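*Asks:* Can you read through this structure? Questions will come right after.
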Amino acid sequence: MSNLDLRPAPGVCGGTGRTGPVRDVQPGKQVPLGESTVVRRLLPNLGRRMVGAWCFVDHYGPDDIVAEPGMQVPPHPHMGLQTVTWLHQGEVLHRDSLGSLQTVRPRELGLMTSGRAIAHSEESPHGHGPFLHGAQLWVALPDAHRDAAPAFAHHTDLPVIEGGGGLSATVLLGELAGATSPGATYSPLVGADLTLAAGTDTRLPVDPDFEYAALTISGESEVDGVRLGPGALLYLGCGRGELPLRADCDSSLLLLGGEPFEERIVMWWNFVGRSQADIEEARSAWTSGSRFGTVQGYDGDRLAAPALPPGALKPRGRER
Ligand code: MN
């Protein structure tokens with residue numbers, strides 16, 4: 001997915017310092033994406049730019065797309081990050097400049113590692129299902145790996161933890177409670193999809209060295225005593241060995257976590273860099289048609305890069 005904001009705000013995140021356990025509810029923002037879709041942007045938000053290496057979280061749907069084209073995100077570039085496609089309903093057809101052509105379905109991981117340069121498109125395929133519901137997440141690559149070879153991987157066999165007490169957890173990326181996703185990672189982190197049956201009342205073992213945040217995908221649950229419905233991000237801080245989870249109705253959550261990302265990064269449009277020069281070079285390369293390659297087969301024009309903001313990028317902490 002692409003950040004379609006015509007005037008995306010630049011920002012530098014990273015830095016030191018970690019909190020103990022907190023319960024900080026941070027409202028998401030409704031952001032139009034293309035002509036017919038509105039997403040809930042939960043990260044970055046007004047209070048926070050990153051959770052571990054997770055630097056971008058959009059939750060969309062469930063949207064009735066029976067009479068709609070659904071997702072139609074034209075070819076666009078990425079640098080310095082991984083993209084995670086995660087669905088509960090519908091399907092997304094991914095094409096990229098490596099020649100990948102892959103339909104991603106619910107509970108399958110679509111994981112694209114941009115390295116220094118990749119381009120891709122995402123669309124609801126012809127004959128798509130009636131509903132589209134999912135999340136698009138980005139993971140910042142640490143400096144040592146941000147020039148990694150670009151790659152796309154599709155993982156259909158992800159580990160599932162039966163937590164007892166009505167909880168099951170699919171580990172889509174990283175590690176949780178001894179279960180590890182086959183998806184490639186470049187910093188210690190986790191992304192997990194938690195299913196809570198009505199009546200769940202349990203504790204999930206988590207890593208005290210990770211910071212965590214949770215967002216509700218469907219239903220409503222209680223995370224460490226905080227009621228959480230769709231549309232907000234609950235930041236949980238670090239220092240927990242277990243996370244209390246309750247639900248009165250069938251619910252699902254995404255749990256995102258990782259070691260606090262200490263590097264300062266510059267994130268603008270679809271790029272993660274370390275300096276304004278990195279961003280300017282990437283934008284120029286996309287505009288001139290170099291570096292990022294070509295996406296074959298998408299029916300439409302590629303996205304144009306928005307204008308850079310005037311002036312220098314202002315450093316900001318990862319907590320804003
Ligand atoms: Mn994208």
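Going by the structure tokens order, chains are called A, B, ..., each with residues numbered from 1, while ligands are numbered from 1 in the order shown.
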Mind listing the residues within 10 Å of ligand 1, only C-alpha atoms and all ligand atoms counted, as a PyMOL selection string?
*Replies:* chain A and resi 1-4+73-78+82-85+94+96+112+114+118-122+136-138+269-271
*Asks:* Would you mind listing what lies within 12 Å of Gly183 (chain A) as a PyMOL selection string, with only C-alpha atoms counted and same-chain residues fewer than 6 positions away left out?
*Replies:* chain A and resi 82-85+108-113+151-159+171-175+189-191
*Asks:* Could you work out how far CA of Val39 (chain A) lies from CA of Pro125 (chain A), giving the answer in Å with one decimal?
*Replies:*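 Interatomic distance here is 19.3 Å.
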*Asks:* What is the distance, in Å and to one decimal place, between CA of Glu262 (chain A) and CA of Pro150 (chain A)?
*Replies:* 23.4 Å
*Asks:* Please, what distance in Å, to one decimal, runs between CA of Asp58 (chain A) and CA of Thr19 (chain A)?
*Replies:* 24.3 Å
*Asks:* Using only C-alpha atoms, which of the listed residues (A:Leu81, A:Met267, A:Ala179, A:Leu215) sits closest to Ser251 (chain A)?
*Replies:*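 That would be A:Leu215, the residue with the smallest distance to Ser251 (chain A).
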*Asks:* Considering only strand (DSSP E) as DSSP defines it on the backbone, what residues of region 73-317 of chain A qualify? List them as number ranges by chain.
*Replies:* A: 73-78, 81-89, 92-96, 101-104, 109-113, 118-123, 131-140, 151-155, 160-164, 167-176, 179-180, 189-196, 201-205, 211-218, 221-223, 226-228, 232-237, 242-247, 251-258, 265-268, 271-273
*Asks:* Closest to Ala177 (chain A) among A:Ala232, A:Leu243, A:Arg23, A:Val295, using only C-alpha atoms?
*Replies:*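 Comparing A:Ala232, A:Leu243, A:Arg23, A:Val295 against Ala177 (chain A), the winner is A:Leu243.
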*Asks:* Find the spatial neighbours of Ala169 (chain A), counting only C-alpha atoms, within a cut-off of 6 Å - ignore same-chain residues fewer than 6 positions away - and output them as a compact mmCIF listing (two decimals) with N, CA, C and O atoms, in the first residue's frame.
*Replies:*
# COMPACT_ATOMS: atom_id res chain seq x y z
N VAL A 160 0.74 -21.14 14.99
CA VAL A 160 -0.41 -20.75 15.80
C VAL A 160 -0.20 -21.27 17.21
O VAL A 160 0.09 -22.44 17.41
N ILE A 161 -0.33 -20.36 18.16
CA ILE A 161 -0.20 -20.71 19.58
C ILE A 161 -1.61 -20.83 20.16
O ILE A 161 -2.42 -19.91 20.01
N ASP A 193 -1.53 -12.03 15.40
CA ASP A 193 -2.98 -11.86 15.29
C ASP A 193 -3.60 -12.71 16.38
O ASP A 193 -3.48 -13.93 16.36
N LEU A 194 -4.25 -12.06 17.34
CA LEU A 194 -4.82 -12.76 18.49
C LEU A 194 -6.32 -12.93 18.29
O LEU A 194 -7.03 -11.95 18.04
